[in-house]
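The structure file coords21.cif is reproduced below (mmCIF, N, CA and C atoms).
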```cif
data_final
#
loop_
_atom_site.label_atom_id
_atom_site.label_comp_id
_atom_site.auth_asym_id
_atom_site.auth_seq_id
_atom_site.Cartn_x
_atom_site.Cartn_y
_atom_site.Cartn_z
N MET A 483 14.99 12.19 1.31
CA MET A 483 14.62 11.57 2.56
C MET A 483 13.43 10.64 2.29
N SER A 484 13.50 9.44 2.80
CA SER A 484 12.43 8.46 2.61
C SER A 484 11.21 8.81 3.46
N PRO A 485 10.02 8.48 2.96
CA PRO A 485 8.82 8.69 3.78
C PRO A 485 8.83 7.75 4.99
N LEU A 486 8.15 8.16 6.04
CA LEU A 486 7.93 7.30 7.20
C LEU A 486 6.53 6.72 7.05
N ASN A 487 6.44 5.40 6.98
CA ASN A 487 5.15 4.72 6.85
C ASN A 487 4.77 4.14 8.20
N ILE A 488 3.56 4.47 8.64
CA ILE A 488 3.04 3.95 9.90
C ILE A 488 1.85 3.05 9.56
N GLN A 489 1.97 1.80 9.93
CA GLN A 489 0.93 0.81 9.66
C GLN A 489 0.16 0.54 10.94
N VAL A 490 -1.16 0.62 10.88
CA VAL A 490 -2.03 0.38 12.02
C VAL A 490 -2.81 -0.91 11.76
N PHE A 491 -2.58 -1.92 12.58
CA PHE A 491 -3.34 -3.17 12.50
C PHE A 491 -4.39 -3.13 13.60
N VAL A 492 -5.63 -3.51 13.26
CA VAL A 492 -6.74 -3.40 14.21
C VAL A 492 -7.45 -4.74 14.32
N ASP A 493 -7.64 -5.21 15.56
CA ASP A 493 -8.44 -6.42 15.82
C ASP A 493 -9.89 -5.98 15.94
N VAL A 494 -10.56 -5.94 14.80
CA VAL A 494 -11.93 -5.44 14.73
C VAL A 494 -12.89 -6.31 15.53
N VAL A 495 -12.70 -7.62 15.52
CA VAL A 495 -13.58 -8.52 16.26
C VAL A 495 -13.54 -8.19 17.75
N ALA A 496 -12.35 -7.95 18.28
CA ALA A 496 -12.22 -7.59 19.70
C ALA A 496 -12.94 -6.27 19.98
N LEU A 497 -12.84 -5.31 19.07
CA LEU A 497 -13.54 -4.03 19.25
C LEU A 497 -15.05 -4.23 19.23
N LEU A 498 -15.52 -5.09 18.34
CA LEU A 498 -16.96 -5.38 18.27
C LEU A 498 -17.47 -6.03 19.55
N LEU A 499 -16.58 -6.73 20.24
CA LEU A 499 -16.94 -7.37 21.51
C LEU A 499 -16.83 -6.42 22.70
N GLY A 500 -16.43 -5.17 22.43
CA GLY A 500 -16.37 -4.15 23.48
C GLY A 500 -15.03 -4.01 24.17
N ASN A 501 -14.00 -4.65 23.66
CA ASN A 501 -12.67 -4.54 24.26
C ASN A 501 -12.06 -3.17 23.95
N PRO A 502 -11.15 -2.68 24.81
CA PRO A 502 -10.58 -1.34 24.62
C PRO A 502 -9.76 -1.23 23.33
N ALA A 503 -9.87 -0.10 22.68
CA ALA A 503 -9.15 0.14 21.43
C ALA A 503 -7.64 0.10 21.64
N ASP A 504 -7.16 0.66 22.76
CA ASP A 504 -5.72 0.69 23.00
C ASP A 504 -5.10 -0.70 23.10
N ASP A 505 -5.90 -1.71 23.49
CA ASP A 505 -5.39 -3.07 23.61
C ASP A 505 -5.54 -3.86 22.32
N ASN A 506 -6.18 -3.28 21.32
CA ASN A 506 -6.48 -4.01 20.09
C ASN A 506 -6.07 -3.28 18.83
N ALA A 507 -5.19 -2.31 18.98
CA ALA A 507 -4.59 -1.62 17.84
C ALA A 507 -3.08 -1.77 17.99
N PHE A 508 -2.44 -2.14 16.90
CA PHE A 508 -1.01 -2.45 16.93
C PHE A 508 -0.34 -1.62 15.84
N LEU A 509 0.49 -0.66 16.26
CA LEU A 509 1.12 0.27 15.33
C LEU A 509 2.60 -0.06 15.15
N PHE A 510 3.03 0.01 13.90
CA PHE A 510 4.42 -0.23 13.53
C PHE A 510 4.85 0.85 12.55
N ASP A 511 6.13 1.20 12.55
CA ASP A 511 6.64 2.10 11.53
C ASP A 511 7.85 1.46 10.87
N ASP A 512 8.26 2.04 9.75
CA ASP A 512 9.40 1.50 9.02
C ASP A 512 10.64 2.39 9.15
N SER A 513 10.74 3.11 10.27
CA SER A 513 11.91 3.96 10.49
C SER A 513 13.15 3.08 10.64
N PHE A 514 14.28 3.66 10.33
CA PHE A 514 15.55 2.93 10.36
C PHE A 514 15.80 2.28 11.72
N CYS A 515 15.58 3.03 12.78
CA CYS A 515 15.86 2.50 14.12
C CYS A 515 14.62 1.93 14.81
N GLY A 516 13.47 2.03 14.16
CA GLY A 516 12.24 1.51 14.75
C GLY A 516 11.69 2.44 15.82
N GLY A 517 10.39 2.48 15.91
CA GLY A 517 9.75 3.34 16.88
C GLY A 517 9.76 2.74 18.27
N GLU A 518 9.72 3.60 19.26
CA GLU A 518 9.62 3.18 20.66
C GLU A 518 8.20 2.64 20.88
N ASP A 519 8.07 1.56 21.64
CA ASP A 519 6.78 0.91 21.92
C ASP A 519 6.12 0.39 20.65
N SER A 520 6.93 -0.08 19.71
CA SER A 520 6.42 -0.65 18.47
C SER A 520 5.51 -1.84 18.76
N GLY A 521 4.41 -1.94 18.03
CA GLY A 521 3.45 -3.02 18.23
C GLY A 521 2.37 -2.69 19.23
N THR A 522 2.40 -1.48 19.77
CA THR A 522 1.37 -1.05 20.72
C THR A 522 0.69 0.21 20.20
N ALA A 523 -0.35 0.63 20.91
CA ALA A 523 -1.06 1.87 20.57
C ALA A 523 -0.29 3.10 21.05
N LYS A 524 0.84 2.91 21.70
CA LYS A 524 1.67 4.00 22.22
C LYS A 524 2.92 4.23 21.37
N LEU A 525 2.93 3.76 20.14
CA LEU A 525 4.09 3.90 19.27
C LEU A 525 4.57 5.35 19.22
N ALA A 526 5.88 5.54 19.40
CA ALA A 526 6.52 6.85 19.26
C ALA A 526 7.49 6.74 18.09
N SER A 527 7.12 7.29 16.95
CA SER A 527 7.90 7.17 15.72
C SER A 527 8.86 8.32 15.55
N PRO A 528 10.14 8.03 15.28
CA PRO A 528 11.09 9.11 15.02
C PRO A 528 10.83 9.73 13.66
N VAL A 529 10.85 11.04 13.59
CA VAL A 529 10.57 11.74 12.34
C VAL A 529 11.52 12.93 12.22
N TRP A 530 11.87 13.27 10.99
CA TRP A 530 12.68 14.46 10.72
C TRP A 530 11.76 15.61 10.34
N PRO A 531 12.13 16.83 10.65
CA PRO A 531 11.35 17.96 10.13
C PRO A 531 11.27 17.85 8.60
N ARG A 532 10.11 18.11 8.06
CA ARG A 532 9.82 18.07 6.62
C ARG A 532 9.79 16.66 6.04
N GLN A 533 9.76 15.63 6.88
CA GLN A 533 9.68 14.26 6.38
C GLN A 533 8.23 13.90 6.10
N LEU A 534 7.98 13.24 4.99
CA LEU A 534 6.64 12.78 4.65
C LEU A 534 6.26 11.61 5.56
N VAL A 535 5.07 11.68 6.15
CA VAL A 535 4.56 10.62 7.02
C VAL A 535 3.25 10.11 6.41
N ARG A 536 3.11 8.79 6.31
CA ARG A 536 1.90 8.16 5.76
C ARG A 536 1.33 7.17 6.78
N TRP A 537 0.02 7.19 6.93
CA TRP A 537 -0.67 6.24 7.79
C TRP A 537 -1.56 5.35 6.94
N SER A 538 -1.59 4.06 7.27
CA SER A 538 -2.54 3.15 6.63
C SER A 538 -3.04 2.16 7.69
N VAL A 539 -4.24 1.65 7.46
CA VAL A 539 -4.92 0.78 8.43
C VAL A 539 -5.24 -0.56 7.77
N THR A 540 -5.00 -1.64 8.52
CA THR A 540 -5.32 -2.98 8.05
C THR A 540 -6.09 -3.71 9.15
N PRO A 541 -7.26 -4.25 8.83
CA PRO A 541 -7.97 -5.06 9.84
C PRO A 541 -7.36 -6.45 9.94
N LEU A 542 -7.30 -6.99 11.16
CA LEU A 542 -6.81 -8.36 11.32
C LEU A 542 -7.86 -9.36 10.87
N ASP A 543 -9.12 -8.98 10.91
CA ASP A 543 -10.22 -9.80 10.40
C ASP A 543 -10.60 -9.20 9.05
N VAL A 544 -10.25 -9.88 7.98
CA VAL A 544 -10.45 -9.30 6.64
C VAL A 544 -11.92 -9.20 6.23
N GLN A 545 -12.81 -9.83 6.98
CA GLN A 545 -14.23 -9.76 6.65
C GLN A 545 -14.92 -8.55 7.25
N THR A 546 -14.26 -7.86 8.16
CA THR A 546 -14.83 -6.67 8.79
C THR A 546 -13.95 -5.47 8.45
N PRO A 547 -14.38 -4.61 7.55
CA PRO A 547 -13.53 -3.48 7.14
C PRO A 547 -13.38 -2.44 8.25
N VAL A 548 -12.26 -1.76 8.21
CA VAL A 548 -11.98 -0.65 9.12
C VAL A 548 -11.21 0.39 8.33
N TRP A 549 -11.44 1.65 8.60
CA TRP A 549 -10.71 2.69 7.91
C TRP A 549 -10.45 3.85 8.85
N LEU A 550 -9.44 4.62 8.49
CA LEU A 550 -9.03 5.79 9.25
C LEU A 550 -9.88 6.97 8.79
N SER A 551 -10.71 7.49 9.68
CA SER A 551 -11.60 8.58 9.29
C SER A 551 -11.13 9.94 9.79
N GLY A 552 -10.12 9.96 10.66
CA GLY A 552 -9.63 11.24 11.16
C GLY A 552 -8.29 11.10 11.85
N LEU A 553 -7.60 12.22 11.89
CA LEU A 553 -6.29 12.30 12.52
C LEU A 553 -6.17 13.67 13.14
N SER A 554 -5.75 13.74 14.40
CA SER A 554 -5.56 15.04 15.04
C SER A 554 -4.24 15.05 15.77
N PHE A 555 -3.56 16.20 15.71
CA PHE A 555 -2.27 16.38 16.36
C PHE A 555 -2.39 17.40 17.45
N ASP A 556 -1.90 17.05 18.64
CA ASP A 556 -1.91 17.98 19.76
C ASP A 556 -3.27 18.66 19.90
N GLY A 557 -4.35 17.89 19.65
CA GLY A 557 -5.71 18.40 19.80
C GLY A 557 -6.27 19.11 18.58
N LEU A 558 -5.48 19.26 17.50
CA LEU A 558 -5.96 19.95 16.31
C LEU A 558 -6.27 18.93 15.22
N ALA A 559 -7.53 18.91 14.78
CA ALA A 559 -7.95 17.96 13.75
C ALA A 559 -7.41 18.38 12.39
N MET A 560 -6.95 17.39 11.63
CA MET A 560 -6.48 17.63 10.27
C MET A 560 -7.66 17.43 9.32
N PRO A 561 -7.89 18.36 8.42
CA PRO A 561 -9.05 18.27 7.54
C PRO A 561 -8.88 17.23 6.43
N ALA A 562 -9.98 16.61 6.07
CA ALA A 562 -10.00 15.77 4.88
C ALA A 562 -10.22 16.71 3.70
N GLU A 563 -9.34 16.65 2.71
CA GLU A 563 -9.42 17.58 1.59
C GLU A 563 -9.99 16.92 0.34
N THR A 564 -10.94 16.04 0.52
CA THR A 564 -11.51 15.33 -0.61
C THR A 564 -12.93 14.90 -0.29
N ASN A 565 -13.69 14.59 -1.29
CA ASN A 565 -15.06 14.08 -1.10
C ASN A 565 -15.13 12.58 -1.33
N ALA A 566 -14.01 11.90 -1.34
CA ALA A 566 -13.98 10.45 -1.54
C ALA A 566 -14.61 9.74 -0.36
N PRO A 567 -15.14 8.52 -0.57
CA PRO A 567 -15.67 7.75 0.57
C PRO A 567 -14.54 7.45 1.55
N PRO A 568 -14.87 7.34 2.84
CA PRO A 568 -13.82 7.21 3.87
C PRO A 568 -12.90 6.02 3.68
N TRP A 569 -13.39 4.91 3.15
CA TRP A 569 -12.54 3.74 2.99
C TRP A 569 -11.54 3.92 1.85
N ALA A 570 -11.69 4.96 1.05
CA ALA A 570 -10.76 5.23 -0.05
C ALA A 570 -9.67 6.22 0.33
N LEU A 571 -9.70 6.71 1.57
CA LEU A 571 -8.74 7.73 1.99
C LEU A 571 -7.48 7.11 2.57
N HIS A 572 -6.37 7.79 2.35
CA HIS A 572 -5.14 7.51 3.09
C HIS A 572 -4.68 8.85 3.64
N TRP A 573 -4.02 8.82 4.75
CA TRP A 573 -3.61 10.06 5.42
C TRP A 573 -2.11 10.21 5.29
N GLN A 574 -1.69 11.39 4.90
CA GLN A 574 -0.27 11.66 4.76
C GLN A 574 -0.01 13.15 4.88
N GLY A 575 1.22 13.49 5.15
CA GLY A 575 1.62 14.88 5.22
C GLY A 575 3.05 15.00 5.68
N TYR A 576 3.55 16.21 5.68
CA TYR A 576 4.94 16.48 6.05
C TYR A 576 5.02 16.98 7.49
N ALA A 577 6.01 16.50 8.19
CA ALA A 577 6.27 17.02 9.54
C ALA A 577 6.70 18.47 9.38
N PRO A 578 6.10 19.40 10.12
CA PRO A 578 6.43 20.81 9.97
C PRO A 578 7.92 21.08 10.21
N TRP A 579 8.48 22.00 9.49
CA TRP A 579 9.91 22.34 9.59
C TRP A 579 10.26 22.96 10.93
N TRP A 580 9.28 23.59 11.58
CA TRP A 580 9.55 24.34 12.80
C TRP A 580 9.51 23.50 14.07
N LEU A 581 9.26 22.20 13.96
CA LEU A 581 9.23 21.36 15.17
C LEU A 581 10.61 21.29 15.81
N ALA A 582 10.67 21.49 17.11
CA ALA A 582 11.94 21.48 17.83
C ALA A 582 12.46 20.06 18.00
N PRO A 583 13.77 19.84 17.80
CA PRO A 583 14.35 18.51 18.00
C PRO A 583 14.09 17.99 19.41
N GLY A 584 13.79 16.71 19.49
CA GLY A 584 13.56 16.07 20.78
C GLY A 584 12.14 16.21 21.31
N THR A 585 11.30 16.98 20.61
CA THR A 585 9.92 17.14 21.10
C THR A 585 9.05 15.98 20.64
N ARG A 586 8.03 15.74 21.41
CA ARG A 586 7.07 14.66 21.13
C ARG A 586 5.72 15.30 20.80
N HIS A 587 5.13 14.86 19.70
CA HIS A 587 3.83 15.39 19.27
C HIS A 587 2.83 14.24 19.20
N SER A 588 1.94 14.22 20.19
CA SER A 588 0.94 13.17 20.28
C SER A 588 -0.11 13.36 19.20
N TYR A 589 -0.68 12.24 18.77
CA TYR A 589 -1.79 12.32 17.82
C TYR A 589 -2.86 11.30 18.18
N ARG A 590 -4.04 11.56 17.67
CA ARG A 590 -5.20 10.70 17.90
C ARG A 590 -5.69 10.19 16.55
N LEU A 591 -5.86 8.88 16.46
CA LEU A 591 -6.44 8.27 15.27
C LEU A 591 -7.91 8.02 15.53
N THR A 592 -8.75 8.31 14.56
CA THR A 592 -10.17 8.00 14.66
C THR A 592 -10.49 6.96 13.59
N LEU A 593 -10.97 5.81 14.05
CA LEU A 593 -11.27 4.69 13.16
C LEU A 593 -12.77 4.46 13.09
N VAL A 594 -13.22 3.97 11.96
CA VAL A 594 -14.61 3.57 11.78
C VAL A 594 -14.58 2.17 11.17
N THR A 595 -15.49 1.32 11.62
CA THR A 595 -15.59 -0.02 11.07
C THR A 595 -17.01 -0.30 10.63
N GLY A 596 -17.14 -1.16 9.65
CA GLY A 596 -18.46 -1.50 9.12
C GLY A 596 -19.37 -2.13 10.16
N GLY A 597 -18.82 -2.79 11.17
CA GLY A 597 -19.62 -3.46 12.18
C GLY A 597 -20.14 -2.56 13.28
N LEU A 598 -19.62 -1.35 13.39
CA LEU A 598 -20.04 -0.42 14.44
C LEU A 598 -20.66 0.82 13.81
N THR A 599 -21.76 0.65 13.16
CA THR A 599 -22.41 1.74 12.44
C THR A 599 -22.65 2.94 13.36
N GLY A 600 -22.16 4.10 12.91
CA GLY A 600 -22.39 5.33 13.65
C GLY A 600 -21.47 5.53 14.84
N ARG A 601 -20.51 4.62 15.06
CA ARG A 601 -19.63 4.75 16.21
C ARG A 601 -18.18 4.82 15.75
N ALA A 602 -17.47 5.81 16.23
CA ALA A 602 -16.05 5.95 15.92
C ALA A 602 -15.23 5.42 17.09
N ILE A 603 -14.03 4.95 16.78
CA ILE A 603 -13.11 4.42 17.77
C ILE A 603 -11.89 5.32 17.78
N SER A 604 -11.51 5.82 18.95
CA SER A 604 -10.35 6.70 19.04
C SER A 604 -9.18 5.98 19.69
N ILE A 605 -8.01 6.22 19.14
CA ILE A 605 -6.77 5.71 19.70
C ILE A 605 -5.89 6.93 19.98
N ALA A 606 -5.77 7.27 21.25
CA ALA A 606 -4.97 8.43 21.67
C ALA A 606 -3.77 7.90 22.42
N GLY A 607 -2.62 8.03 21.85
CA GLY A 607 -1.43 7.52 22.52
C GLY A 607 -0.21 7.52 21.64
N PRO A 608 -0.36 7.30 20.32
CA PRO A 608 0.84 7.34 19.50
C PRO A 608 1.38 8.76 19.37
N SER A 609 2.64 8.87 18.96
CA SER A 609 3.25 10.19 18.80
C SER A 609 4.37 10.15 17.78
N LEU A 610 4.74 11.34 17.33
CA LEU A 610 5.94 11.52 16.51
C LEU A 610 6.97 12.19 17.39
N VAL A 611 8.21 11.70 17.34
CA VAL A 611 9.31 12.28 18.11
C VAL A 611 10.28 12.87 17.09
N VAL A 612 10.57 14.15 17.22
CA VAL A 612 11.34 14.87 16.22
C VAL A 612 12.84 14.67 16.43
N ASN A 613 13.52 14.24 15.35
CA ASN A 613 14.98 14.15 15.33
C ASN A 613 15.55 15.53 15.04
N ALA A 614 16.87 15.66 15.04
CA ALA A 614 17.51 16.93 14.69
C ALA A 614 17.22 17.25 13.22
N SER A 615 17.29 18.50 12.85
CA SER A 615 16.99 18.94 11.49
C SER A 615 17.83 18.21 10.46
N ALA A 616 17.18 17.80 9.38
CA ALA A 616 17.87 17.09 8.30
C ALA A 616 18.41 18.05 7.26
N GLY A 617 18.07 19.35 7.36
CA GLY A 617 18.60 20.33 6.44
C GLY A 617 17.99 20.28 5.05
N THR A 618 16.78 19.74 4.91
CA THR A 618 16.16 19.69 3.59
C THR A 618 15.51 21.03 3.30
N THR A 619 15.12 21.22 2.06
CA THR A 619 14.51 22.49 1.67
C THR A 619 13.04 22.33 1.30
N ALA A 620 12.46 21.18 1.51
CA ALA A 620 11.05 20.97 1.16
C ALA A 620 10.16 21.85 2.03
N ASP A 621 9.10 22.35 1.45
CA ASP A 621 8.15 23.14 2.22
C ASP A 621 7.30 22.22 3.08
N SER A 622 6.84 22.73 4.19
CA SER A 622 5.99 21.96 5.10
C SER A 622 4.53 22.17 4.73
N VAL A 623 3.76 21.09 4.73
CA VAL A 623 2.32 21.18 4.50
C VAL A 623 1.63 20.39 5.58
N SER A 624 0.39 20.67 5.80
CA SER A 624 -0.34 19.98 6.85
C SER A 624 -0.65 18.55 6.44
N ILE A 625 -0.91 17.73 7.44
CA ILE A 625 -1.30 16.35 7.22
C ILE A 625 -2.77 16.33 6.88
N HIS A 626 -3.14 15.57 5.86
CA HIS A 626 -4.51 15.57 5.38
C HIS A 626 -4.85 14.24 4.74
N ALA A 627 -6.10 14.08 4.45
CA ALA A 627 -6.56 12.88 3.75
C ALA A 627 -6.51 13.14 2.27
N ALA A 628 -6.23 12.11 1.52
CA ALA A 628 -6.21 12.21 0.07
C ALA A 628 -6.86 10.96 -0.50
N ALA A 629 -7.46 11.10 -1.65
CA ALA A 629 -8.08 9.93 -2.29
C ALA A 629 -7.05 9.17 -3.07
#
```
Structure rendered as structure tokens:
Amino acid sequence: MSPLNIQVFVDVVALLLGNPADDNAFLFDDSFCGGEDSGTAKLASPVWPRQLVRWSVTPLDVQTPVWLSGLSFDGLAMPAETNAPPWALHWQGYAPWWLAPGTRHSYRLTLVTGGLTGRAISIAGPSLVVNASAGTTADSVSIHAAA
């Protein structure tokens, strides 16, 4: 089964000007059928149980860095399992095998940018929508940061 890649594009300049994060974050996935609400902060990506999911962040203004500093599912924060600097992290993990088909699991992205020292930006709205079981035998692991 191919990994699901979720790309987050962020208009950092708009965030620095005080505009809402939900209007300036654009999420896309590479699923076969495409996610619902693609290009918005409300992206609903189809996922199979035990499918690898990867998140990456790209700033639209290349002179102002932004990175993903946290990820939480249904209110539960996923731990960073490394001591690497935050801009060196990527977030990935497997969708748990026990997720019921047709269920939606909301997540919150926490972003940090070089221009907003000490301030995190949260995007609460994207979700994973579980397809029917794919019948794989891979073990499920939590989503975490890796260097």
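For the choices A:Gly607, A:Pro583, A:Gly575, A:Gly596, the atom-to-atom distance to Leu534 of chain A is smallest for A:Gly575 when using all atoms listed in the file.
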Carefully work through the PyMOL selection byres (((chain A and resi 549 and name CA) around 6) and name CA) for this structure and note down the residues it includes, as a ChimeraX atom specification. /A:548,550,569,593-594
Selection to disk with N, CA and C atoms, as a compact mmCIF listing (two decimals), in the coordinates of the input:
```txt
# COMPACT_ATOMS: atom_id res chain seq x y z
N VAL A 548 -12.26 -1.76 8.21
CA VAL A 548 -11.98 -0.65 9.12
C VAL A 548 -11.21 0.39 8.33
N LEU A 550 -9.44 4.62 8.49
CA LEU A 550 -9.03 5.79 9.25
C LEU A 550 -9.88 6.97 8.79
N TRP A 569 -13.39 4.91 3.15
CA TRP A 569 -12.54 3.74 2.99
C TRP A 569 -11.54 3.92 1.85
N LEU A 593 -10.97 5.81 14.05
CA LEU A 593 -11.27 4.69 13.16
C LEU A 593 -12.77 4.46 13.09
N VAL A 594 -13.22 3.97 11.96
CA VAL A 594 -14.61 3.57 11.78
C VAL A 594 -14.58 2.17 11.17
```
Name the residues captured by the PyMOL selection byres ((chain A and resi 591) around 5) when it is applied to the shown file; answer as a short mmCIF file (atom, residue, chain, number, x, y, z; two decimals) with N, CA and C atoms, keeping the file's coordinate frame.
```
data_model
loop_
_atom_site.label_atom_id
_atom_site.label_comp_id
_atom_site.auth_asym_id
_atom_site.auth_seq_id
_atom_site.Cartn_x
_atom_site.Cartn_y
_atom_site.Cartn_z
N GLY A 552 -10.12 9.96 10.66
CA GLY A 552 -9.63 11.24 11.16
C GLY A 552 -8.29 11.10 11.85
N LEU A 553 -7.60 12.22 11.89
CA LEU A 553 -6.29 12.30 12.52
C LEU A 553 -6.17 13.67 13.14
N TYR A 589 -0.68 12.24 18.77
CA TYR A 589 -1.79 12.32 17.82
C TYR A 589 -2.86 11.30 18.18
N ARG A 590 -4.04 11.56 17.67
CA ARG A 590 -5.20 10.70 17.90
C ARG A 590 -5.69 10.19 16.55
N THR A 592 -8.75 8.31 14.56
CA THR A 592 -10.17 8.00 14.66
C THR A 592 -10.49 6.96 13.59
N LEU A 593 -10.97 5.81 14.05
CA LEU A 593 -11.27 4.69 13.16
C LEU A 593 -12.77 4.46 13.09
N SER A 604 -11.51 5.82 18.95
CA SER A 604 -10.35 6.70 19.04
C SER A 604 -9.18 5.98 19.69
N ILE A 605 -8.01 6.22 19.14
CA ILE A 605 -6.77 5.71 19.70
C ILE A 605 -5.89 6.93 19.98
#
```
Write out as a ChimeraX atom specification all residues of segment 489-547 of chain A that DSSP puts in strand (DSSP E or B) for this structure's backbone. /A:489-492,507-511,518,526-529,534-541
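Atom pair atom C of Ser588 of chain A / atom N of Asp556 of chain A has a distance of 4.1 Å (rounded to one decimal).
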Please enclose the listed atoms of segment 583-595 of chain A in an axis-aligned box, pad each side by 8 Å, and write out the centre and the three edge lengths in Å, rounded to one decimal, as JSON.
```
{"center_x": -1.3, "center_y": 9.8, "center_z": 16.0, "size_x": 47.4, "size_y": 36.1, "size_z": 26.8}
```
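A distance cut-off of 12 Å around (-11.4, -7.8, 8.5), counting only C-alpha atoms, selects these protein and nucleic acid residues: Phe491, Val492, Asp493, Val494, Val495, Ala496, Leu497, Leu498, Val539, Thr540, Pro541, Leu542, Asp543, Val544, Gln545, Thr546, Pro547, Val548, Trp549, Thr595, Gly596 and Gly597 of chain A.
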With the file shown as input, list the residues that the PyMOL selection byres ((chain A and resi 537) around 8) selects, as a short mmCIF file (atom, residue, chain, number, x, y, z; two decimals) with N, CA and C atoms, keeping the file's coordinate frame.
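Dumped everything to selection.cif:
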```
data_model
loop_
_atom_site.label_atom_id
_atom_site.label_comp_id
_atom_site.auth_asym_id
_atom_site.auth_seq_id
_atom_site.Cartn_x
_atom_site.Cartn_y
_atom_site.Cartn_z
N LEU A 486 8.15 8.16 6.04
CA LEU A 486 7.93 7.30 7.20
C LEU A 486 6.53 6.72 7.05
N ASN A 487 6.44 5.40 6.98
CA ASN A 487 5.15 4.72 6.85
C ASN A 487 4.77 4.14 8.20
N ILE A 488 3.56 4.47 8.64
CA ILE A 488 3.04 3.95 9.90
C ILE A 488 1.85 3.05 9.56
N GLN A 489 1.97 1.80 9.93
CA GLN A 489 0.93 0.81 9.66
C GLN A 489 0.16 0.54 10.94
N VAL A 490 -1.16 0.62 10.88
CA VAL A 490 -2.03 0.38 12.02
C VAL A 490 -2.81 -0.91 11.76
N LEU A 534 7.98 13.24 4.99
CA LEU A 534 6.64 12.78 4.65
C LEU A 534 6.26 11.61 5.56
N VAL A 535 5.07 11.68 6.15
CA VAL A 535 4.56 10.62 7.02
C VAL A 535 3.25 10.11 6.41
N ARG A 536 3.11 8.79 6.31
CA ARG A 536 1.90 8.16 5.76
C ARG A 536 1.33 7.17 6.78
N SER A 538 -1.59 4.06 7.27
CA SER A 538 -2.54 3.15 6.63
C SER A 538 -3.04 2.16 7.69
N VAL A 539 -4.24 1.65 7.46
CA VAL A 539 -4.92 0.78 8.43
C VAL A 539 -5.24 -0.56 7.77
N THR A 540 -5.00 -1.64 8.52
CA THR A 540 -5.32 -2.98 8.05
C THR A 540 -6.09 -3.71 9.15
N LEU A 550 -9.44 4.62 8.49
CA LEU A 550 -9.03 5.79 9.25
C LEU A 550 -9.88 6.97 8.79
N LEU A 571 -9.70 6.71 1.57
CA LEU A 571 -8.74 7.73 1.99
C LEU A 571 -7.48 7.11 2.57
N HIS A 572 -6.37 7.79 2.35
CA HIS A 572 -5.14 7.51 3.09
C HIS A 572 -4.68 8.85 3.64
N TRP A 573 -4.02 8.82 4.75
CA TRP A 573 -3.61 10.06 5.42
C TRP A 573 -2.11 10.21 5.29
N GLN A 574 -1.69 11.39 4.90
CA GLN A 574 -0.27 11.66 4.76
C GLN A 574 -0.01 13.15 4.88
N GLY A 575 1.22 13.49 5.15
CA GLY A 575 1.62 14.88 5.22
C GLY A 575 3.05 15.00 5.68
#
```
Rounded to one decimal, what separation in Å do you get between atom CA of Phe510 of chain A and atom N of Met483 of chain A? 20.4 Å
For a test of reading the model, state the distance in Å between atom N of Thr585 of chain A and atom CA of Trp530 of chain A, rounded to one decimal. 10.3 Å
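The set of residues in segment 494-619 of chain A assigned to alpha helix (DSSP H) by DSSP, using only backbone atoms of this structure, is Val494, Val495, Ala496, Leu497 and Leu498 of chain A.
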Nearest to Val611 of chain A, restricted to all atoms listed in the file and choosing among A:Asn501, A:His587, A:Phe508, A:Trp579, comes out as A:His587
